[in-house]
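Accompanying notes for the structure given below.
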Amino acid sequence: MSHEKCLRHVKTACAGVAPSLVRVPVAHCFGPRGLYKRKFCAVCRKGLEAPALRCEVCELHIHADCVPFACSDCRQCHQDGHHDHDTYHHHWREGNLPLGARCEVCRKTCGSSDVLAGVRCEWCGIQAHSLCSAVLAPECTFGRLRSMVLPPACVRLLSRNFSKMHCFRIAETAALELGDGDDGVDGSAALGPGRDMPATPESSKQTLKIFDGNDTVRRNHFHLVTVPRLARSEEVLEAALRAYYVSEDPGDFELQELPLPSLAGDDQTLGKAGSGGLAEEDSGRGSGSHEPEAWVIRARPRAQEVLKIYPGWLKVGVAYVSIRVTSQSTVRTVVLEVLPLLGRQAEDPESFQLVEVLMGSRQVQRMVLADEEPLLERLWDIRQTSLRQASQTRFYVVESRAMAPHVSLFVGGLPPGLSPQEYGDLLHEAMTTKAATVSVSHVYSQGAVVLDVTCFAEAERLYMLGRDTAVHGQPLTTLVLPDVLHTKLPSDCCPLLVFVNPKSGGLKGRDLLCSFRKLLNPHQVFDLTNGGPLPGFHLFAQVPCFRVLVCGGDGTVGWVLTALEETRHHLACQEPSVAILPLGTGNDLGRVLRWGAGYSGEDPFSMLVSVDEADAVLMDRWTILLDAHKAAGIDNNVVDAEPPKIVQMSNYCGIGIDAELSLDFHQAREEEPGKFTSRFHNKGVYVRVGLQKISHSRGLHKEIRLQVEQREVELPSIEGLIFINIPSWGSGADLWGSDSDSRFEKPRMDDGLLEVVGVTGVVHMGQVQGGLRSGIRIAQGSYFRVTLLKATPVQVDGEPWVQAPGHMIISAAGPKVHMLRKAKQKPRKAAVTRGDAAPAPEGIAK
């Protein structure tokens with residue numbers, strides 16, 4: 001309902017009309033349910049008071065029971081092999097704007113916390129009143145972030161049923177559409193648009209179960225409609241149509257009583273259940289007669305019908321043409337009639353086909369119709385199955401083009417270090433891959449491969465099978481990777497590759513993942529829990545220039561830098577600059593590069609602008625060879641020798657008490673991960689662990705030997721030995737100190753030297769973190785050899801373990817890494833009007 005004067009401010013059409021206004025149907029990607037305060041449903045326009053859903057790609061918020069009626073109008077993030085747009089139009093989304101949002105045209109406030117008001121472009125971020133948006137140019141320039149955005153026309157995903165949800169794996173726990181089993185097997189009701197609760201027996205109203213076709217009857221999913229007990233049949237029918245957002249003439253429909261035996265019957269039985277229909281003469285229903293509580297809305301048979309035919313991907317001057325179909329109309333006769341209306345009468349009709357498209361909110365399904373299929377009968381079958389599906393079904397006439405199947409499937413979780421042939425044999429054994437259509441195109445030593453699949457059906461089978469398959473006890477990860485058309489990238493485009501660790505920073509990681517998917521092309525934002533960094537670097541392998549943003553702690557940054565080092569020789573841009581959004585506990589590298597001590601809810605849009613304006617600096621990377629064996633002079637009472645392994649280091653490497661505290665913290669977090677959701681709590685655990693070891697003493701200087709540049713160095717009495725590459729340790733402490741020392745050069749993170757510092761115990765470490773003193777300076781160099789005489793705790797960039805006796809060799813890791821350092825903040829100026837700059841969108845739902 002709306003005031004008459006307010007109707008002109010409504011941008012989004014009602015759910016009964018909106019599907020017909022969608023230009024290109026694109027399915028949404030709904031994440032798990034959550035609480036979104038002061039947000040409104042895009043379908044029923046009511047507030048989201050109960051747990052609801054949001055699309056992880058666009059600004060769509062919706063009730064769970066309104067999902068089946070949502071338009072498939074998500075952002076078009078890639079080509080599907082047919083579309084090739086030269087220009088981009090604004091993708092408007094109505095309402096749910098920040099309270100302080102200002103109109104781009106009149107500069108007045110356009111946000112509201114009371115109703116859906118105002119619109120926002122999902123690409124450039126421009127905000128405006130509904131009326132004011134009409135005067136803006138329709139073309140979208142992607143706004144302030146245009147140089148960082150991967151343009152949709154430069155991404156191609158050739159598939160039959162795959163969509164972006166299969167690339168992101170963000171719809172695994174999402175609510176399913178009505179009839180897909182989301183409400184369980186007990187037939188729980190999905191409340192209608194008014195969300196009326198069942199009436200009490202004493203009430204003057206009654207609540208009826210309404211089904212919209214055979215599909216919902218078979219699944220026992222219904223909507224509840226509350227009407228007066230003495231309501232006429234026409235009133236009941238209108239209420240039932242409103243519950244399913246059917247805006248057609250009620251005279252074309254009727255209600256049929258649902259016979260109990262038909263609940264388990266077939267479609268023919270359900271379609272012929274006409275004995276219980278509500279006829280017009282039954283309008284004076286008495287209270288003493290038997291009134292069934294379940295009804296099915298049925299479409300009345302029609303002798304002819306006006307059908308809209310859309311031109312698909314043909315470049316013509318009309319959105320659709322309308323033709324009249326009768327019982328004699330077939331798919332072939334409709335194509336022959338439509339082509340002259342589209343100006344294609346000179347072309348061969350045999351080269352065109354009719355495609356039926358079901359625009360579901362969570363999946364857009366396409367099916368090519370047979371030439372001899374009667375269209376009027378096809379429409380009747382769709383309406384009998386579901387009136388909701390009938391309103392979301394379109395017919396496209398398209399060219400019959402042979403599309404060569406090609407799907408890139410990333411498979412992770414495999415044993416590391418195998419050859420392509422061994423990986424192929426392993427996957428054939430685990431998933432029965434077909435050698436004729438599946439080949440291994442890329443191999444990564446960390447235990448991942450990219451499969452080149454030339455059959456859509458085989459790709460779909462492998463994707464689904466991979467989610468439930470384990471190899472050597474390790475579950476596999478499967479992702480569909482699109483192709484980046486690097487030759488079509490604009491010359492000034494340097495897209496940002498974003499990696500987010502949703503486990504870092506409590507729940508902030510997941511919210512940032514959603515925010516960056518909305519601000520950028522979601523194909524350039526990767527969840528590190530789904531395959532790690534390798535899928536992102538593989539996707540950007542041919543991009544000539546790109547940057548990287550890592551959202552996580554120091555361990556996450558090291559993980560991404562290690563993957564970059566492994567894939568560098570495959571990349572066209574071998575030296576991408578890396579920025580950091582710190583989400584961890586210490587965040588020492590983030591502090592050094594001015595990104596702060598930790599993320600505390602800053603606007604994600606502002607963070608991206610800061611990345612765009614950041615300065616490039618160099619940083620050393622170090623390789624640590626761990627070779628555990630019984631060397632000369634090592635105690636014979638040792639654990640079994642381990643095979644040599646190599647780890648990479650960016651920040652620091654600790655041996656002894658420092659690593660022991662990290663190991664105890666890591667074990668506590670592994671036991672109860674739910675408690676470690678805040679940086680303040682994590683630091684409190686560190687303090688508690690440290691207090692327990694104040695009296696600890698093991699004489700580390702007696703258990704290790706240190707060589708610097710082939711020279712033996714005598715160690716003082718210490719409990720911890722730390723190799724530092726950056727001027728920050730232990731959450732921002734200056735372990736080396738600022739005092740000048742003629743024995744050593746002034747430390748820098750790009751000088752090719754590591755500083756070696758000792759600490760005498762937990763108290764000393766606390767004094768360093770409090771700024772009361774610094775560590776004990778021991779050495780400085782570029783090559784180190786440490787001999788462990790006993791099993792000793794070791795940690796590298798916050799990742800701890802117990803290292804067996806043996807040798808540790810630390811040396812430079814080759815090329816320096818290009819990092820991005822946040823530019824110093826300039827004095828704040830007055831608010832600037834945004835010509836092509838996007839407004840700061842609302843970042844994280846509270």
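Identifiers for the structure tokens are assigned positionally: chains receive A, B, ... in sequence, residues are indexed from 1 per chain, and ligands are indexed from 1 in the order shown.
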
| task | Once DSSP has gone over the backbone, tell me which residues of stretch 305-530 of chain A are in alpha helix (DSSP H), as a VMD selection string. | result | chain A and resid 331 to 341 375 to 385 387 to 391 420 to 431 456 to 466 508 to 519

| Contacts of A:Val440 at 7 Å (only C-alpha atoms; same-chain gap of 6+ positions) as a PyMOL selection string | chain A and resi 420+424+449-452

| message | So that I can check the secondary structure, give me every residue of stretch 32-174 of chain A assigned strand (DSSP E) by backbone DSSP, as a PyMOL selection string. | response | chain A and resi 53-54+61-62+92-94+119-121+127-128+155-156

Excluding stretch 783-799 of chain A and residues on its chain fewer than 3 positions from it, collect all residues at most 6 Å away from it, counting only C-alpha atoms, and give them as a compact mmCIF listing (two decimals) with C-alpha atoms, in the first residue's frame.
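File part20.txt, as written:
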# COMPACT_ATOMS: atom_id res chain seq x y z
CA GLY A 555 50.07 -15.68 8.68
CA ILE A 634 73.55 -33.63 18.72
CA ASN A 651 58.32 -10.71 9.28
CA TYR A 652 60.30 -12.70 11.82
CA CYS A 653 61.29 -16.16 12.96
CA GLY A 654 61.35 -17.01 16.66
CA ILE A 655 63.09 -19.88 18.45
CA GLY A 656 62.45 -20.67 22.10
CA ALA A 659 57.57 -19.58 19.75
CA GLU A 660 56.47 -21.49 22.85
CA GLU A 703 70.59 -25.93 23.28
CA ILE A 704 71.36 -24.16 19.99
CA ARG A 705 74.34 -23.00 17.98
CA LEU A 706 74.36 -20.01 15.64
CA GLN A 707 76.51 -19.31 12.58
CA VAL A 708 76.30 -15.96 10.77
CA GLU A 709 77.95 -15.78 7.31
CA VAL A 802 57.95 -28.00 17.55
CA GLN A 803 61.01 -28.53 15.39
CA ALA A 804 63.03 -31.73 15.77
CA PRO A 805 66.80 -31.52 16.34
CA GLY A 806 68.78 -30.62 13.26
CA HIS A 807 69.71 -27.59 11.20
CA MET A 808 67.85 -24.42 10.18
CA ILE A 809 69.38 -22.51 7.27
CA ILE A 810 68.04 -18.99 6.64
CA SER A 811 68.91 -17.20 3.39

| field | Spatial neighbours of A:Leu465, 12 Å, only C-alpha atoms, chain gap at least 3 places, as a PyMOL selection string | value | chain A and resi 411+427+430-433+458-462+468-470+475-479

Save out the residues we just selected, all heavy atoms, as a compact mmCIF listing (two decimals), in the first residue's frame.
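Dumped everything to again-v5.txt:
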# COMPACT_ATOMS: atom_id res chain seq x y z
N VAL A 411 40.75 -28.03 -8.75
CA VAL A 411 40.61 -29.10 -7.77
C VAL A 411 41.76 -28.98 -6.77
O VAL A 411 42.93 -29.12 -7.15
CB VAL A 411 40.61 -30.49 -8.42
CG1 VAL A 411 40.42 -31.57 -7.36
CG2 VAL A 411 39.52 -30.59 -9.48
N LEU A 427 42.98 -38.69 -9.85
CA LEU A 427 41.62 -38.20 -10.04
C LEU A 427 40.77 -39.21 -10.78
O LEU A 427 39.56 -39.31 -10.53
CB LEU A 427 41.66 -36.87 -10.80
CG LEU A 427 42.20 -35.68 -10.02
CD1 LEU A 427 42.33 -34.45 -10.91
CD2 LEU A 427 41.29 -35.36 -8.83
N ALA A 430 39.72 -41.61 -8.11
CA ALA A 430 38.80 -41.07 -7.10
C ALA A 430 37.47 -40.62 -7.69
O ALA A 430 36.43 -40.73 -7.04
CB ALA A 430 39.46 -39.91 -6.37
N MET A 431 37.50 -40.10 -8.93
CA MET A 431 36.29 -39.49 -9.50
C MET A 431 35.90 -40.08 -10.85
O MET A 431 34.94 -39.62 -11.47
CB MET A 431 36.50 -37.98 -9.64
CG MET A 431 36.94 -37.30 -8.35
SD MET A 431 37.47 -35.58 -8.58
CE MET A 431 35.92 -34.79 -8.95
N THR A 432 36.62 -41.08 -11.32
CA THR A 432 36.33 -41.75 -12.60
C THR A 432 36.25 -40.73 -13.73
O THR A 432 35.27 -40.63 -14.47
CB THR A 432 35.02 -42.56 -12.52
OG1 THR A 432 34.92 -43.20 -11.25
CG2 THR A 432 34.98 -43.62 -13.60
N THR A 433 37.29 -39.90 -13.84
CA THR A 433 37.31 -38.90 -14.91
C THR A 433 37.43 -39.59 -16.27
O THR A 433 38.02 -40.67 -16.39
CB THR A 433 38.50 -37.95 -14.72
OG1 THR A 433 39.71 -38.71 -14.67
CG2 THR A 433 38.35 -37.15 -13.42
N GLU A 458 30.07 -33.55 -18.10
CA GLU A 458 31.17 -34.11 -17.32
C GLU A 458 31.68 -33.09 -16.29
O GLU A 458 32.01 -33.44 -15.15
CB GLU A 458 32.31 -34.54 -18.24
CG GLU A 458 33.54 -35.07 -17.53
CD GLU A 458 33.32 -36.39 -16.81
OE1 GLU A 458 32.20 -36.95 -16.90
OE2 GLU A 458 34.27 -36.85 -16.14
N ALA A 459 31.73 -31.80 -16.68
CA ALA A 459 32.17 -30.76 -15.74
C ALA A 459 31.21 -30.65 -14.56
O ALA A 459 31.62 -30.51 -13.40
CB ALA A 459 32.29 -29.42 -16.46
N GLU A 460 29.90 -30.71 -14.85
CA GLU A 460 28.92 -30.63 -13.77
C GLU A 460 29.03 -31.84 -12.85
O GLU A 460 28.92 -31.72 -11.63
CB GLU A 460 27.52 -30.54 -14.38
CG GLU A 460 27.28 -29.23 -15.13
CD GLU A 460 26.10 -29.32 -16.07
OE1 GLU A 460 25.32 -30.30 -15.96
OE2 GLU A 460 25.93 -28.43 -16.92
N ARG A 461 29.26 -33.02 -13.43
CA ARG A 461 29.39 -34.22 -12.61
C ARG A 461 30.61 -34.15 -11.70
O ARG A 461 30.54 -34.45 -10.51
CB ARG A 461 29.48 -35.46 -13.51
CG ARG A 461 29.49 -36.78 -12.75
CD ARG A 461 29.75 -37.95 -13.69
NE ARG A 461 31.11 -37.98 -14.16
CZ ARG A 461 32.13 -38.54 -13.48
NH1 ARG A 461 31.91 -39.11 -12.30
NH2 ARG A 461 33.35 -38.53 -13.98
N LEU A 462 31.74 -33.70 -12.26
CA LEU A 462 32.96 -33.61 -11.46
C LEU A 462 32.83 -32.56 -10.37
O LEU A 462 33.33 -32.74 -9.25
CB LEU A 462 34.15 -33.29 -12.36
CG LEU A 462 34.57 -34.38 -13.36
CD1 LEU A 462 35.71 -33.89 -14.23
CD2 LEU A 462 34.96 -35.65 -12.63
N ASP A 468 32.04 -34.04 -2.38
CA ASP A 468 31.85 -35.15 -1.43
C ASP A 468 32.96 -36.19 -1.53
O ASP A 468 32.80 -37.32 -1.05
CB ASP A 468 30.49 -35.83 -1.68
CG ASP A 468 29.33 -34.85 -1.59
OD1 ASP A 468 29.34 -34.03 -0.65
OD2 ASP A 468 28.43 -34.92 -2.43
N THR A 469 34.08 -35.83 -2.15
CA THR A 469 35.16 -36.78 -2.36
C THR A 469 36.37 -36.41 -1.50
O THR A 469 36.69 -35.23 -1.36
CB THR A 469 35.57 -36.83 -3.84
OG1 THR A 469 34.43 -37.18 -4.63
CG2 THR A 469 36.68 -37.84 -4.08
N ALA A 470 37.02 -37.41 -0.95
CA ALA A 470 38.25 -37.21 -0.19
C ALA A 470 39.35 -38.09 -0.78
O ALA A 470 39.08 -39.22 -1.19
CB ALA A 470 38.05 -37.52 1.29
N PRO A 475 39.54 -33.86 2.21
CA PRO A 475 38.43 -33.52 1.31
C PRO A 475 38.89 -32.61 0.18
O PRO A 475 39.75 -31.74 0.37
CB PRO A 475 37.42 -32.81 2.22
CG PRO A 475 38.23 -32.33 3.38
CD PRO A 475 39.33 -33.32 3.57
N LEU A 476 38.34 -32.82 -0.99
CA LEU A 476 38.69 -32.02 -2.15
C LEU A 476 37.90 -30.72 -2.17
O LEU A 476 36.81 -30.61 -1.60
CB LEU A 476 38.43 -32.80 -3.44
CG LEU A 476 39.23 -34.08 -3.65
CD1 LEU A 476 38.88 -34.69 -5.01
CD2 LEU A 476 40.73 -33.81 -3.55
N THR A 477 38.45 -29.73 -2.84
CA THR A 477 37.78 -28.46 -3.09
C THR A 477 37.66 -28.27 -4.59
O THR A 477 38.68 -28.35 -5.31
CB THR A 477 38.56 -27.28 -2.49
OG1 THR A 477 38.66 -27.44 -1.08
CG2 THR A 477 37.86 -25.97 -2.78
N THR A 478 36.46 -28.04 -5.09
CA THR A 478 36.26 -27.82 -6.51
C THR A 478 35.68 -26.44 -6.74
O THR A 478 34.74 -26.03 -6.06
CB THR A 478 35.33 -28.89 -7.12
OG1 THR A 478 34.10 -28.92 -6.38
CG2 THR A 478 35.97 -30.25 -7.10
N LEU A 479 36.23 -25.72 -7.70
CA LEU A 479 35.76 -24.39 -8.06
C LEU A 479 35.72 -24.27 -9.58
O LEU A 479 36.61 -24.78 -10.27
CB LEU A 479 36.69 -23.30 -7.52
CG LEU A 479 36.72 -23.04 -6.01
CD1 LEU A 479 37.81 -22.03 -5.69
CD2 LEU A 479 35.38 -22.53 -5.53

| Using only C-alpha atoms, which of the listed residues (A:Val592, A:Ile580, A:Ala668, A:Cys154) sits closest to A:Gln76? | A:Cys154

| Pick from A:Leu307, A:Ala436, A:Val407, A:Leu549 nearest to A:Ser20, counting only C-alpha atoms |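 The closest residue to A:Ser20 is A:Leu307.
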
| field | Close residues, A:Leu136 itself excluded, 12 Å, only C-alpha atoms, min 6 positions apart in chain, as a list in words | value |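 Those residues are His89, His90, Trp92, Cys103, Glu104, Val105, Cys106, Cys121, Ile126, Gln127, Ala128, His129, Ser130, Gly835 and Asp836 of chain A.
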
| task | State, in Å with one decimal place, the distance from atom CA of A:Leu158 to atom CA of A:His406. | result |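 Computing it gives 6.3 Å between the two atoms.
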
| message | With distances taken over only C-alpha atoms, which residue among A:Val500, A:Val609, A:Val560, A:Ala153 lies nearest A:Val484? | response | A:Ala153
